[in-house]
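Novice: Got a structure here, written out as structure tokens. Questions coming.
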Amino acid sequence: MPYVNIKVTREGVTPDQKAALINGVTDLLVRILDKSPATTFVVIDEVALEDWGIGGLPVDQYRRDAAG
């Protein structure tokens with residue numbers, strides 16, 4: 001019974017994109033691990049941008065610094 005938790009920043013991920021992620025991850029587990037889609041759980045958590053960090057920085061500051 002696989003459980004997959006996908007975390008993304010809350011930046012306009014559409015319901016269609018979420019559905020594609022759920023379908024794609026489920027399909028991958030079926031193909032690679034021979035898991036049943038009926039018992040495969042995929043949860044998508046949207047995290048506020050200010051609650052996400054990369055390299056010791058809030059993601060918005062990290063992006064600003066990386067951009068130049």
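Identifiers in this document derive from the order of the structure tokens: chains are assigned A, B, ..., residues are numbered from 1 separately in each chain, and ligands are numbered from 1 in order of occurrence.
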Compile the contact shell of Thr39 (chain A) as a list in words: residues with an atom at most 6 Å away, counting only C-alpha atoms, same-chain residues fewer than 2 positions apart removed.
Specialist: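 That gives Met1, Ser36 and Pro37 of chain A.
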Novice: Just want the 7 Å neighbourhood of region 40-44 of chain A, counted on only C-alpha atoms, with same-chain residues fewer than 4 positions away dropped. Output as an MDAnalysis selection string.
Specialist: chainID A and resid 1:7 22 26 36
Novice: Kindly export the residues of the current selection with all heavy atoms, as a short mmCIF file (atom, residue, chain, number, x, y, z; two decimals), in the first residue's frame.
Specialist:
data_model
loop_
_atom_site.label_atom_id
_atom_site.label_comp_id
_atom_site.auth_asym_id
_atom_site.auth_seq_id
_atom_site.Cartn_x
_atom_site.Cartn_y
_atom_site.Cartn_z
N MET A 1 0.84 -1.17 0.00
CA MET A 1 0.00 0.00 0.00
C MET A 1 0.90 1.24 0.00
O MET A 1 1.21 1.79 1.05
CB MET A 1 -0.92 -0.02 1.22
CG MET A 1 -1.79 1.19 1.33
SD MET A 1 -3.18 1.05 2.45
CE MET A 1 -2.46 0.68 4.00
N PRO A 2 1.33 1.72 -1.17
CA PRO A 2 2.20 2.88 -1.23
C PRO A 2 1.48 4.17 -0.86
O PRO A 2 0.30 4.35 -1.15
CB PRO A 2 2.62 2.94 -2.69
CG PRO A 2 2.22 1.66 -3.30
CD PRO A 2 1.14 1.09 -2.47
N TYR A 3 2.24 5.02 -0.21
CA TYR A 3 1.78 6.35 0.13
C TYR A 3 2.85 7.32 -0.35
O TYR A 3 4.01 7.23 0.04
CB TYR A 3 1.58 6.49 1.65
CG TYR A 3 1.35 7.91 2.11
CD1 TYR A 3 0.07 8.46 2.08
CD2 TYR A 3 2.40 8.69 2.56
CE1 TYR A 3 -0.14 9.77 2.50
CE2 TYR A 3 2.20 9.99 2.97
CZ TYR A 3 0.93 10.52 2.95
OH TYR A 3 0.71 11.81 3.36
N VAL A 4 2.47 8.25 -1.22
CA VAL A 4 3.40 9.23 -1.77
C VAL A 4 2.91 10.61 -1.38
O VAL A 4 1.74 10.94 -1.58
CB VAL A 4 3.49 9.12 -3.31
CG1 VAL A 4 4.41 10.19 -3.87
CG2 VAL A 4 3.95 7.73 -3.73
N ASN A 5 3.80 11.41 -0.80
CA ASN A 5 3.47 12.78 -0.41
C ASN A 5 4.29 13.73 -1.27
O ASN A 5 5.51 13.72 -1.19
CB ASN A 5 3.74 12.98 1.08
CG ASN A 5 3.33 14.35 1.58
OD1 ASN A 5 4.03 14.94 2.35
ND2 ASN A 5 2.19 14.84 1.16
N ILE A 6 3.61 14.54 -2.07
CA ILE A 6 4.26 15.53 -2.93
C ILE A 6 4.04 16.89 -2.30
O ILE A 6 2.91 17.27 -2.00
CB ILE A 6 3.67 15.50 -4.35
CG1 ILE A 6 3.86 14.12 -4.98
CG2 ILE A 6 4.28 16.60 -5.21
CD1 ILE A 6 3.12 13.95 -6.30
N LYS A 7 5.12 17.62 -2.12
CA LYS A 7 5.02 18.97 -1.58
C LYS A 7 5.46 19.95 -2.65
O LYS A 7 6.52 19.77 -3.26
CB LYS A 7 5.88 19.12 -0.33
CG LYS A 7 5.38 18.25 0.82
CD LYS A 7 6.14 18.54 2.09
CE LYS A 7 5.68 17.65 3.21
NZ LYS A 7 4.43 18.02 3.82
N ILE A 22 -1.00 13.02 -9.71
CA ILE A 22 -1.58 11.84 -9.06
C ILE A 22 -1.60 10.66 -10.02
O ILE A 22 -1.18 9.54 -9.67
CB ILE A 22 -2.99 12.15 -8.52
CG1 ILE A 22 -2.89 13.16 -7.37
CG2 ILE A 22 -3.72 10.89 -8.10
CD1 ILE A 22 -4.21 13.79 -6.98
N THR A 26 0.93 7.36 -9.66
CA THR A 26 0.26 6.06 -9.54
C THR A 26 0.70 5.13 -10.66
O THR A 26 1.05 3.97 -10.41
CB THR A 26 -1.27 6.24 -9.56
OG1 THR A 26 -1.64 7.10 -8.46
CG2 THR A 26 -1.98 4.91 -9.43
N SER A 36 -0.89 -2.01 -6.88
CA SER A 36 -2.28 -1.83 -7.30
C SER A 36 -2.67 -0.36 -7.19
O SER A 36 -2.48 0.25 -6.13
CB SER A 36 -3.21 -2.66 -6.42
OG SER A 36 -4.55 -2.29 -6.64
#
Novice: Once DSSP has gone over the backbone, tell me which residues of chain A are in strand (DSSP E or B), as a list in words.
Specialist: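 Listing strand (DSSP E or B) positions across chain A yields Tyr3, Val4, Asn5, Ile6, Lys7, Val8, Thr9, Phe41, Val42, Val43, Ile44, Asp45, Glu46, Val47, Gly53, Ile54, Leu57 and Pro58 of chain A.
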Novice: Those selected residues, please, written with C-alpha atoms and delivered as a PDB file, in the first residue's frame.
Specialist:
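Just written: out-v7.pdb:
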ATOM      1  CA  TYR A   3       1.775   6.354   0.134  1.00  0.00           C
ATOM      2  CA  VAL A   4       3.403   9.231  -1.771  1.00  0.00           C
ATOM      3  CA  ASN A   5       3.466  12.780  -0.414  1.00  0.00           C
ATOM      4  CA  ILE A   6       4.261  15.525  -2.925  1.00  0.00           C
ATOM      5  CA  LYS A   7       5.015  18.971  -1.579  1.00  0.00           C
ATOM      6  CA  VAL A   8       4.926  21.999  -3.855  1.00  0.00           C
ATOM      7  CA  THR A   9       5.033  25.709  -3.197  1.00  0.00           C
ATOM      8  CA  PHE A  41      -2.325   6.892  -2.140  1.00  0.00           C
ATOM      9  CA  VAL A  42      -0.966  10.208  -3.427  1.00  0.00           C
ATOM     10  CA  VAL A  43      -1.275  13.366  -1.340  1.00  0.00           C
ATOM     11  CA  ILE A  44      -0.291  16.820  -2.591  1.00  0.00           C
ATOM     12  CA  ASP A  45       0.522  19.470  -0.007  1.00  0.00           C
ATOM     13  CA  GLU A  46       0.817  23.096  -1.042  1.00  0.00           C
ATOM     14  CA  VAL A  47       3.267  25.003   1.140  1.00  0.00           C
ATOM     15  CA  GLY A  53      13.618  27.175   2.233  1.00  0.00           C
ATOM     16  CA  ILE A  54      16.541  26.270  -0.010  1.00  0.00           C
ATOM     17  CA  LEU A  57      17.289  30.875   2.694  1.00  0.00           C
ATOM     18  CA  PRO A  58      13.568  31.432   2.194  1.00  0.00           C
TER      19      PRO A  58
END
Novice: Nearest to Arg10 (chain A): which of A:Trp52, A:Gly24, A:Tyr62, A:Gly68 is it, counting only C-alpha atoms?
Specialist: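 Going through A:Trp52, A:Gly24, A:Tyr62, A:Gly68 one by one, the smallest distance to Arg10 (chain A) is for A:Trp52.
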Novice: Enumerate the residues of region 10-49 of chain A with a DSSP assignment of alpha helix (DSSP H), computed from the backbone, and present them as a PyMOL selection string.
Specialist: chain A and resi 15-33
